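Presented below is the structure to which this report refers.
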Amino acid sequence: MSFPVTEIRKNFPILDLKVKGKPLIYLDNAATSQKPLRVINAIKEYYEQTNSNIHRGAHYLANKATEAYENSRKTIAVHINANSEREINFVRGTTEAINLVAKTYGRKYIKAGDEIIVSELEHHSNIVPWQMLCEEVGATLKVIPINDKGEIIMLEYLKLLTKKTKLVSTSYVSNSLGTINPVKEIIARAHEVGAKVFIDAAQALPHKKVDVQDIDCDFLGFSGHKVFGPTGIGVLYGKEEILADMPPFMGGGEMIKTVSFKGTVYNDLPYKFEAGTPHIEGGIVLGEAINYINDIGLDKISAYEDELLRYGTIRLSEIDGLRIIGTAEHKSSVISFLVGDIHPYDLGVLLNEQGIAIRTGHHCCQPLMDRFGIEGTCRASFAFYNTEEEIDALIAGIEKAVTILG
């Protein structure tokens, strides 16, 4: 397909970096994405021309920062098709979004004997907060099994759903295997028994269009640094009527209307969940990152990355002794693999000597690794600035490393 990857790469200065004297080949996008000049310049511009605290000042800079921050919230609301910007809450990332829901909605509505469902595919951030909640209130955590391809077994999921199920929390796309889960069906089935659903969309937002009204999720979280924006900023989306009924997450400035020693009146949405001075620059620049990928076109990005995934799968499969972990029918641009008896870390170190960056280890998915009876994998994850030539270099790098390791 025709995709302007050469021109796009010019927007990412870090891709010109040399590692060990060789051009950087960055294939660790599931861990974090690189930033385009448009985002880098927006950060610089904020501190040079806008820097001020928001919402509380009457002066020029305070008004300018507040307007930019709230415009970004509107941009994000439109991007995921929220009903209103009041449903967009700025947090530090997906991890904080999940913890916020666990510690507010969870503590209020989930009681002893209730059940929460997650899947075997989940990142630790979508396991541990629910375990903590279950331990605190006496609820039970249940787990949807997966098949050998790394796909949720829907029949087993349906067996787990009962009137005791109060919340289902699952990833849209697996960070470790790239599996794209059938979230729309998962959500619809959960709603049939009256359960709410949280969708971890950290790995989905950079690669595909996410429409919260279409999938009808109750909550959704994502991280800015995965979607070509800054670290330390993310979003919790929630249906307005649910968020309005939830208690605050933290107390302090901004999340209040009035404070006295007799009592406090909490602020309206979304500010009720945004205590203290926020990551102002991060919130503003996240909107710029969203605009950047929309200007390229998410449909074009998704189609190009599908081609990279197809090509990478074919080329990696040609290596003797290499096995791909996670062969779901519907995948995003992630390939986890092992080569013979070579430890993933050893392979990762030798690839780094050739300027090739991949991820090795359990990818914060230890229960998933246990499911496959392995300690971890090598993971190559692609973004729209990667090329087939870089995949060829990865193949050559693996073959060279295999020769060295014997």
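In the structure tokens, the first chain shown is A, the next is B, and so on; residue numbers restart at 1 for each chain, and ligands run from 1 in the order shown.
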request  = Please identify which residues in stretch 92-161 of chain A DSSP calls alpha helix (DSSP H) from the backbone, and express them as JSON, numbers by chain.
outcome  = {"A": [94, 95, 96, 97, 98, 99, 100, 101, 107, 108, 109, 128, 129, 130, 131, 132, 133, 134, 135, 136, 137, 154, 155, 156, 157, 158, 159, 160]}
Requested write-out: N, CA and C atoms of the selected residues, as an mmCIF file, in the first residue's frame:
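Result went into again.cif, see below:
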```cif
data_model
loop_
_atom_site.group_PDB
_atom_site.id
_atom_site.type_symbol
_atom_site.label_atom_id
_atom_site.label_comp_id
_atom_site.auth_asym_id
_atom_site.auth_seq_id
_atom_site.Cartn_x
_atom_site.Cartn_y
_atom_site.Cartn_z
ATOM 1 N N THR A 94 -2.993 4.863 32.297
ATOM 2 C CA THR A 94 -3.982 3.791 32.414
ATOM 3 C C THR A 94 -3.977 3.174 33.799
ATOM 4 N N THR A 95 -2.796 2.998 34.368
ATOM 5 C CA THR A 95 -2.702 2.409 35.712
ATOM 6 C C THR A 95 -3.495 3.221 36.724
ATOM 7 N N GLU A 96 -3.339 4.531 36.694
ATOM 8 C CA GLU A 96 -4.088 5.367 37.635
ATOM 9 C C GLU A 96 -5.581 5.338 37.325
ATOM 10 N N ALA A 97 -5.937 5.264 36.050
ATOM 11 C CA ALA A 97 -7.355 5.194 35.690
ATOM 12 C C ALA A 97 -8.012 3.960 36.300
ATOM 13 N N ILE A 98 -7.329 2.821 36.215
ATOM 14 C CA ILE A 98 -7.879 1.585 36.775
ATOM 15 C C ILE A 98 -7.967 1.677 38.296
ATOM 16 N N ASN A 99 -6.900 2.178 38.921
ATOM 17 C CA ASN A 99 -6.911 2.314 40.370
ATOM 18 C C ASN A 99 -7.990 3.280 40.844
ATOM 19 N N LEU A 100 -8.214 4.350 40.086
ATOM 20 C CA LEU A 100 -9.253 5.307 40.452
ATOM 21 C C LEU A 100 -10.614 4.628 40.507
ATOM 22 N N VAL A 101 -10.910 3.845 39.484
ATOM 23 C CA VAL A 101 -12.213 3.159 39.443
ATOM 24 C C VAL A 101 -12.311 2.120 40.554
ATOM 25 N N ARG A 107 -15.125 0.490 45.728
ATOM 26 C CA ARG A 107 -15.399 0.525 47.171
ATOM 27 C C ARG A 107 -16.859 0.838 47.471
ATOM 28 N N LYS A 108 -17.500 1.597 46.591
ATOM 29 C CA LYS A 108 -18.889 1.974 46.848
ATOM 30 C C LYS A 108 -19.866 0.865 46.468
ATOM 31 N N TYR A 109 -19.581 0.162 45.375
ATOM 32 C CA TYR A 109 -20.600 -0.728 44.818
ATOM 33 C C TYR A 109 -20.274 -2.216 44.896
ATOM 34 N N VAL A 128 -3.794 -6.371 39.578
ATOM 35 C CA VAL A 128 -3.487 -6.073 40.979
ATOM 36 C C VAL A 128 -4.511 -5.149 41.640
ATOM 37 N N PRO A 129 -4.962 -4.041 41.011
ATOM 38 C CA PRO A 129 -5.960 -3.205 41.696
ATOM 39 C C PRO A 129 -7.245 -3.959 42.037
ATOM 40 N N TRP A 130 -7.639 -4.885 41.169
ATOM 41 C CA TRP A 130 -8.860 -5.657 41.443
ATOM 42 C C TRP A 130 -8.616 -6.696 42.535
ATOM 43 N N GLN A 131 -7.413 -7.272 42.564
ATOM 44 C CA GLN A 131 -7.065 -8.172 43.666
ATOM 45 C C GLN A 131 -7.112 -7.423 44.994
ATOM 46 N N MET A 132 -6.554 -6.219 45.018
ATOM 47 C CA MET A 132 -6.555 -5.417 46.237
ATOM 48 C C MET A 132 -7.973 -5.103 46.688
ATOM 49 N N LEU A 133 -8.833 -4.762 45.720
ATOM 50 C CA LEU A 133 -10.226 -4.476 46.047
ATOM 51 C C LEU A 133 -10.923 -5.711 46.599
ATOM 52 N N CYS A 134 -10.707 -6.851 45.954
ATOM 53 C CA CYS A 134 -11.336 -8.093 46.417
ATOM 54 C C CYS A 134 -10.901 -8.442 47.834
ATOM 55 N N GLU A 135 -9.621 -8.281 48.127
ATOM 56 C CA GLU A 135 -9.122 -8.550 49.480
ATOM 57 C C GLU A 135 -9.758 -7.609 50.500
ATOM 58 N N GLU A 136 -9.973 -6.381 50.090
ATOM 59 C CA GLU A 136 -10.520 -5.371 51.008
ATOM 60 C C GLU A 136 -11.989 -5.614 51.312
ATOM 61 N N VAL A 137 -12.779 -5.969 50.291
ATOM 62 C CA VAL A 137 -14.240 -6.040 50.493
ATOM 63 C C VAL A 137 -14.776 -7.464 50.562
ATOM 64 N N MET A 154 -14.614 -17.324 24.521
ATOM 65 C CA MET A 154 -15.871 -16.649 24.842
ATOM 66 C C MET A 154 -16.865 -17.563 25.559
ATOM 67 N N LEU A 155 -16.906 -18.830 25.208
ATOM 68 C CA LEU A 155 -17.825 -19.751 25.894
ATOM 69 C C LEU A 155 -17.509 -19.837 27.383
ATOM 70 N N GLU A 156 -16.212 -19.805 27.707
ATOM 71 C CA GLU A 156 -15.821 -19.841 29.126
ATOM 72 C C GLU A 156 -16.165 -18.522 29.809
ATOM 73 N N TYR A 157 -16.031 -17.432 29.087
ATOM 74 C CA TYR A 157 -16.430 -16.138 29.637
ATOM 75 C C TYR A 157 -17.913 -16.126 29.988
ATOM 76 N N LEU A 158 -18.723 -16.633 29.087
ATOM 77 C CA LEU A 158 -20.169 -16.641 29.327
ATOM 78 C C LEU A 158 -20.531 -17.490 30.542
ATOM 79 N N LYS A 159 -19.758 -18.555 30.774
ATOM 80 C CA LYS A 159 -20.005 -19.397 31.953
ATOM 81 C C LYS A 159 -19.690 -18.652 33.246
ATOM 82 N N LEU A 160 -18.722 -17.729 33.190
ATOM 83 C CA LEU A 160 -18.338 -16.984 34.385
ATOM 84 C C LEU A 160 -19.341 -15.897 34.746
#
```
ask   = Which residues come within 9 Å of stretch 143-148 of chain A, counting only C-alpha atoms, excluding same-chain residues fewer than 5 positions away, as a PyMOL selection string?
value = chain A and resi 116-121+153-154+156-157+160+325-328+371-372
Those residues you just picked out, can you put them in a file as a compact mmCIF listing (two decimals), in the first residue's frame with N, CA and C atoms?
```txt
# COMPACT_ATOMS: atom_id res chain seq x y z
N ILE A 116 -15.64 -10.08 40.30
CA ILE A 116 -15.00 -9.27 39.27
C ILE A 116 -14.33 -10.23 38.29
N ILE A 117 -14.43 -9.93 37.01
CA ILE A 117 -13.85 -10.81 35.98
C ILE A 117 -12.77 -10.06 35.20
N VAL A 118 -11.61 -10.71 35.06
CA VAL A 118 -10.55 -10.24 34.17
C VAL A 118 -10.18 -11.41 33.26
N SER A 119 -9.22 -11.20 32.35
CA SER A 119 -8.79 -12.30 31.48
C SER A 119 -7.34 -12.68 31.75
N GLU A 120 -6.93 -13.81 31.23
CA GLU A 120 -5.54 -14.26 31.38
C GLU A 120 -4.57 -13.37 30.62
N LEU A 121 -5.07 -12.53 29.72
CA LEU A 121 -4.21 -11.68 28.90
C LEU A 121 -3.72 -10.43 29.60
N ILE A 153 -11.49 -17.25 25.37
CA ILE A 153 -12.46 -18.30 25.06
C ILE A 153 -13.84 -17.78 25.48
N MET A 154 -14.61 -17.32 24.52
CA MET A 154 -15.87 -16.65 24.84
C MET A 154 -16.87 -17.56 25.56
N GLU A 156 -16.21 -19.80 27.71
CA GLU A 156 -15.82 -19.84 29.13
C GLU A 156 -16.17 -18.52 29.81
N TYR A 157 -16.03 -17.43 29.09
CA TYR A 157 -16.43 -16.14 29.64
C TYR A 157 -17.91 -16.13 29.99
N LEU A 160 -18.72 -17.73 33.19
CA LEU A 160 -18.34 -16.98 34.38
C LEU A 160 -19.34 -15.90 34.75
N ILE A 325 4.66 -16.58 19.96
CA ILE A 325 3.73 -16.78 21.07
C ILE A 325 2.58 -15.79 20.88
N GLY A 326 1.40 -16.30 20.57
CA GLY A 326 0.26 -15.43 20.30
C GLY A 326 0.00 -15.32 18.82
N THR A 327 -0.90 -16.16 18.35
CA THR A 327 -1.21 -16.20 16.91
C THR A 327 -2.71 -15.99 16.68
N ALA A 328 -3.28 -15.06 17.42
CA ALA A 328 -4.71 -14.78 17.32
C ALA A 328 -5.07 -14.36 15.89
N ARG A 371 0.69 -19.18 31.78
CA ARG A 371 -0.27 -19.92 30.94
C ARG A 371 0.45 -20.67 29.81
N PHE A 372 1.49 -20.07 29.27
CA PHE A 372 2.23 -20.70 28.18
C PHE A 372 3.43 -21.50 28.68
```
Cut-off 12 Å: closest stretch 221-247 of chain A/stretch 193-209 of chain A atom pairs per residue, using only C-alpha atoms, as a Markdown table:
```
| residue | atom | partner | partner_atom | distance |
| --- | --- | --- | --- | --- |
| A:Gly221 | CA | A:Asp200 | CA | 5.3 |
| A:Phe222 | CA | A:Ala202 | CA | 4.2 |
| A:Ser223 | CA | A:Ala202 | CA | 5.6 |
| A:Gly224 | CA | A:Ala202 | CA | 8.4 |
| A:His225 | CA | A:Ala202 | CA | 9.2 |
| A:Lys226 | CA | A:Pro206 | CA | 6.5 |
| A:Val227 | CA | A:Pro206 | CA | 4.7 |
| A:Phe228 | CA | A:Pro206 | CA | 7.7 |
| A:Gly229 | CA | A:Pro206 | CA | 10.2 |
| A:Ile233 | CA | A:Ala202 | CA | 11.9 |
| A:Gly234 | CA | A:Ala202 | CA | 9.1 |
| A:Val235 | CA | A:Ala202 | CA | 9.7 |
| A:Leu236 | CA | A:Asp200 | CA | 9.7 |
| A:Tyr237 | CA | A:Phe198 | CA | 9.4 |
| A:Gly238 | CA | A:Phe198 | CA | 8.8 |
| A:Lys239 | CA | A:Lys196 | CA | 10.5 |
| A:Ile242 | CA | A:Lys196 | CA | 9.7 |
```
ask   = Hey, what's within 8 Å of A:Ile290 if we count only C-alpha atoms and toss same-chain stuff fewer than 2 positions away? As a PyMOL selection string, please?
value = chain A and resi 75-76+79+227+229+286-288+292-294
What does the file look like for those residues with C-alpha atoms, as a PDB file, in the first residue's frame?
```pdb
ATOM      1  CA  THR A  75     -10.274  17.136  21.451  1.00  0.00           C
ATOM      2  CA  ILE A  76      -9.978  13.852  23.349  1.00  0.00           C
ATOM      3  CA  HIS A  79     -11.570  11.525  19.372  1.00  0.00           C
ATOM      4  CA  VAL A 227      -0.056   7.484  21.665  1.00  0.00           C
ATOM      5  CA  GLY A 229       2.312  12.146  23.633  1.00  0.00           C
ATOM      6  CA  LEU A 286      -1.772  15.065  24.580  1.00  0.00           C
ATOM      7  CA  GLY A 287      -4.416  16.864  22.563  1.00  0.00           C
ATOM      8  CA  GLU A 288      -1.723  17.855  20.054  1.00  0.00           C
ATOM      9  CA  TYR A 292      -1.243  14.584  14.840  1.00  0.00           C
ATOM     10  CA  ILE A 293      -2.395  10.989  14.342  1.00  0.00           C
ATOM     11  CA  ASN A 294      -5.794  12.160  13.135  1.00  0.00           C
TER      12      ASN A 294
END
```
task = Extract, using only C-alpha atoms, all DNA, RNA and protein residues at most 9 Å from A:Glu185, discarding same-chain residues fewer than 4 positions from it, and format them as a list in words.
result =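 After dropping sequence-adjacent residues, the list is Arg189, Ala190 and Ile215 of chain A.
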For the selection you just gave me, I'd like the residues written to a file as an mmCIF file, in the first residue's frame, keeping N, CA and C atoms.
```
data_model
loop_
_atom_site.group_PDB
_atom_site.id
_atom_site.type_symbol
_atom_site.label_atom_id
_atom_site.label_comp_id
_atom_site.auth_asym_id
_atom_site.auth_seq_id
_atom_site.Cartn_x
_atom_site.Cartn_y
_atom_site.Cartn_z
ATOM 1 N N ARG A 189 -22.433 -8.636 26.695
ATOM 2 C CA ARG A 189 -22.764 -9.794 27.543
ATOM 3 C C ARG A 189 -22.696 -9.431 29.021
ATOM 4 N N ALA A 190 -21.730 -8.616 29.407
ATOM 5 C CA ALA A 190 -21.637 -8.189 30.805
ATOM 6 C C ALA A 190 -22.842 -7.348 31.206
ATOM 7 N N ILE A 215 -18.859 0.832 21.362
ATOM 8 C CA ILE A 215 -18.631 -0.389 22.148
ATOM 9 C C ILE A 215 -19.429 -0.372 23.441
#
```
Can you list, as a CSV table (one decimal) with N, CA and C atoms, in the first residue's frame, every protein, DNA or RNA residue that comes within 12 Å of A:His330 when you count only C-alpha atoms, leaving out same-chain residues fewer than 4 positions away?
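Just written: result_24.csv:
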```
chain,number,residue,atom,x,y,z
A,149,LYS,N,-3.8,-19.9,21.0
A,149,LYS,CA,-3.5,-18.8,20.1
A,149,LYS,C,-3.4,-17.5,20.8
A,150,GLY,N,-3.9,-17.5,22.1
A,150,GLY,CA,-3.9,-16.2,22.8
A,150,GLY,C,-5.2,-15.5,22.7
A,151,GLU,N,-6.3,-16.2,22.4
A,151,GLU,CA,-7.6,-15.6,22.3
A,151,GLU,C,-8.5,-15.9,23.5
A,152,ILE,N,-9.2,-15.0,23.9
A,152,ILE,CA,-10.2,-15.2,25.0
A,152,ILE,C,-11.2,-16.3,24.5
A,172,TYR,N,-8.4,-4.0,25.5
A,172,TYR,CA,-8.9,-3.9,24.1
A,172,TYR,C,-7.9,-4.7,23.3
A,173,VAL,N,-6.6,-4.4,23.5
A,173,VAL,CA,-5.5,-5.1,22.8
A,173,VAL,C,-4.4,-5.5,23.8
A,174,SER,N,-4.0,-6.8,23.7
A,174,SER,CA,-3.0,-7.3,24.6
A,174,SER,C,-1.6,-6.7,24.4
A,177,LEU,N,0.8,-9.9,23.5
A,177,LEU,CA,0.6,-10.8,22.3
A,177,LEU,C,0.0,-10.1,21.1
A,178,GLY,N,-0.6,-8.9,21.4
A,178,GLY,CA,-1.2,-8.1,20.3
A,178,GLY,C,-2.6,-8.6,20.0
A,179,THR,N,-3.1,-9.5,20.7
A,179,THR,CA,-4.5,-10.0,20.5
A,179,THR,C,-5.5,-8.8,20.6
A,180,ILE,N,-6.4,-8.7,19.6
A,180,ILE,CA,-7.5,-7.7,19.7
A,180,ILE,C,-8.7,-8.5,20.2
A,181,ASN,N,-9.1,-8.1,21.4
A,181,ASN,CA,-10.3,-8.8,22.0
A,181,ASN,C,-11.6,-8.3,21.5
A,182,PRO,N,-12.6,-9.1,21.4
A,182,PRO,CA,-14.0,-8.8,21.0
A,182,PRO,C,-14.7,-8.0,22.0
A,306,ASP,N,-0.9,-3.1,9.8
A,306,ASP,CA,-1.3,-4.5,9.5
A,306,ASP,C,-0.4,-5.1,8.5
A,309,LEU,N,2.8,-6.0,10.3
A,309,LEU,CA,2.5,-7.2,11.1
A,309,LEU,C,2.6,-8.4,10.2
A,310,ARG,N,1.9,-8.3,9.1
A,310,ARG,CA,1.9,-9.5,8.2
A,310,ARG,C,3.3,-9.8,7.7
A,326,GLY,N,1.4,-16.3,20.6
A,326,GLY,CA,0.3,-15.4,20.3
A,326,GLY,C,0.0,-15.3,18.8
A,334,VAL,N,2.0,-6.4,17.2
A,334,VAL,CA,2.9,-6.9,18.2
A,334,VAL,C,3.2,-8.3,17.8
```
inquiry  = Taking only C-alpha atoms into account, name the residue in A:Gln213, A:Ser332, A:Ser302, A:Thr140 that is nearest to A:Phe384.
reply    =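 Nearest to A:Phe384: A:Ser302.
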Polymer residues at most 10 Å from stretch 364-367 of chain A, only C-alpha atoms, same-chain spacing of 5 or more positions, as a PDB file with C-alpha atoms, in the first residue's frame:
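Written file, result03.pdb:
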```pdb
ATOM      1  CA  SER A 119      -8.793 -12.304  31.482  1.00  0.00           C
ATOM      2  CA  GLU A 120      -5.544 -14.256  31.375  1.00  0.00           C
ATOM      3  CA  LEU A 121      -4.212 -11.680  28.896  1.00  0.00           C
ATOM      4  CA  GLU A 122      -4.109  -8.788  31.334  1.00  0.00           C
ATOM      5  CA  HIS A 123      -1.255  -6.473  32.235  1.00  0.00           C
ATOM      6  CA  HIS A 124      -0.502  -6.455  35.963  1.00  0.00           C
ATOM      7  CA  SER A 125      -2.137  -3.023  36.162  1.00  0.00           C
ATOM      8  CA  ASN A 126      -5.445  -4.637  35.257  1.00  0.00           C
ATOM      9  CA  ILE A 127      -5.027  -7.431  37.792  1.00  0.00           C
ATOM     10  CA  SER A 174      -2.996  -7.318  24.607  1.00  0.00           C
ATOM     11  CA  ASN A 175       0.298  -5.540  25.253  1.00  0.00           C
ATOM     12  CA  SER A 176       2.151  -8.856  25.213  1.00  0.00           C
ATOM     13  CA  PHE A 372       2.228 -20.700  28.184  1.00  0.00           C
ATOM     14  CA  GLY A 373       4.745 -22.283  30.552  1.00  0.00           C
ATOM     15  CA  ILE A 374       7.489 -19.748  29.792  1.00  0.00           C
ATOM     16  CA  GLU A 375       9.399 -17.079  31.716  1.00  0.00           C
ATOM     17  CA  GLY A 376       9.051 -14.421  29.051  1.00  0.00           C
TER      18      GLY A 376
END
```
message = Excluding A:Gly348 and its own-chain neighbours fewer than 2 positions away, which residues fall within 8 Å of it when counting only C-alpha atoms? Please give them as a list of chain:residue names.
response =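 My reading of the contact set: A:Pro344, A:Tyr345, A:Asp346, A:Leu350, A:Leu351, A:Asn352, A:Ala357, A:Ile358, A:Arg359, A:Thr360, A:Cys378.
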task = Enumerate as a list in words all residues of stretch 176-308 of chain A assigned to strand (DSSP E) by DSSP on the backbone, naming them with the chain letters and numbers the document uses.
result = Lys196, Val197, Phe198, Ile199, Asp200, Phe219, Leu220, Gly221, Phe222, Ser223, Gly234, Val235, Leu236, Tyr237, Gly238, Ile256, Lys257, Thr258, Val259, Ser260, Gly263, Thr264, Val265 and Tyr266 of chain A
For the selection just defined, write its residues with N, CA and C atoms to a file, as a compact mmCIF listing (two decimals), in the first residue's frame.
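Below you can see result06.txt, which holds the result:
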```txt
# COMPACT_ATOMS: atom_id res chain seq x y z
N LYS A 196 -20.85 -3.68 35.14
CA LYS A 196 -20.15 -2.59 34.46
C LYS A 196 -18.86 -3.13 33.84
N VAL A 197 -18.32 -2.38 32.86
CA VAL A 197 -17.12 -2.85 32.15
C VAL A 197 -16.09 -1.74 32.02
N PHE A 198 -14.85 -2.09 32.40
CA PHE A 198 -13.70 -1.22 32.20
C PHE A 198 -12.88 -1.78 31.05
N ILE A 199 -12.51 -0.91 30.11
CA ILE A 199 -11.68 -1.32 28.98
C ILE A 199 -10.33 -0.62 29.08
N ASP A 200 -9.27 -1.42 29.16
CA ASP A 200 -7.90 -0.91 29.11
C ASP A 200 -7.54 -0.74 27.64
N PHE A 219 -16.35 2.38 31.45
CA PHE A 219 -15.10 3.06 31.73
C PHE A 219 -14.08 2.66 30.67
N LEU A 220 -13.13 3.56 30.42
CA LEU A 220 -12.03 3.26 29.51
C LEU A 220 -10.84 4.12 29.91
N GLY A 221 -9.66 3.51 29.86
CA GLY A 221 -8.45 4.25 30.19
C GLY A 221 -7.40 4.12 29.11
N PHE A 222 -6.59 5.17 28.95
CA PHE A 222 -5.43 5.07 28.07
C PHE A 222 -4.34 6.02 28.53
N SER A 223 -3.12 5.79 28.02
CA SER A 223 -1.93 6.53 28.44
C SER A 223 -1.40 7.38 27.29
N GLY A 234 -2.64 10.74 31.14
CA GLY A 234 -3.54 9.76 30.55
C GLY A 234 -4.96 10.19 30.77
N VAL A 235 -5.88 9.32 30.42
CA VAL A 235 -7.30 9.66 30.47
C VAL A 235 -8.10 8.51 31.06
N LEU A 236 -9.01 8.87 31.94
CA LEU A 236 -10.10 7.97 32.34
C LEU A 236 -11.38 8.50 31.73
N TYR A 237 -11.97 7.72 30.84
CA TYR A 237 -13.32 8.01 30.37
C TYR A 237 -14.30 7.22 31.22
N GLY A 238 -15.43 7.86 31.53
CA GLY A 238 -16.51 7.15 32.20
C GLY A 238 -17.84 7.76 31.80
N ILE A 256 -12.94 20.62 44.71
CA ILE A 256 -13.93 21.11 45.67
C ILE A 256 -14.67 22.32 45.12
N LYS A 257 -15.89 22.53 45.65
CA LYS A 257 -16.61 23.78 45.42
C LYS A 257 -16.42 24.70 46.61
N THR A 258 -16.70 24.18 47.81
CA THR A 258 -16.50 24.94 49.04
C THR A 258 -15.92 24.03 50.10
N VAL A 259 -15.10 24.62 50.98
CA VAL A 259 -14.50 23.87 52.08
C VAL A 259 -14.71 24.64 53.37
N SER A 260 -15.16 23.94 54.39
CA SER A 260 -15.20 24.49 55.74
C SER A 260 -14.89 23.35 56.70
N GLY A 263 -17.59 20.79 56.80
CA GLY A 263 -17.78 19.86 55.69
C GLY A 263 -17.36 20.48 54.37
N THR A 264 -17.29 19.64 53.35
CA THR A 264 -16.83 20.07 52.03
C THR A 264 -17.84 19.68 50.97
N VAL A 265 -18.04 20.56 50.01
CA VAL A 265 -18.88 20.26 48.85
C VAL A 265 -17.95 20.01 47.67
N TYR A 266 -18.08 18.83 47.06
CA TYR A 266 -17.18 18.45 45.98
C TYR A 266 -17.56 19.12 44.67
```
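From atom CA of A:Lys163 back to atom CA of A:Lys142, the distance works out to 13.6 Å.
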request  = Check the smallest atom-to-atom distance from each of A:Ile319, A:Ala244, A:Val19, A:Ile54 to A:Glu399 using only C-alpha atoms, then report the winner.
outcome  =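 Nearest to A:Glu399: A:Ile319.
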request  = May I ask for the distance between atom CA of A:Ala380 and atom CA of A:Ala30, given in Å to one decimal place?
outcome  = 8.4 Å
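Closest to A:Asp392 among A:Ser33, A:Thr377, A:Asn63, A:Thr313 is A:Thr313, based on only C-alpha atoms.
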request  = Between A:Ala401, A:Leu141, A:Ile284, A:Ile324, single out the one closest to A:Glu67, counting only C-alpha atoms.
outcome  =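 For A:Glu67, the nearest of the candidates is A:Ile284.
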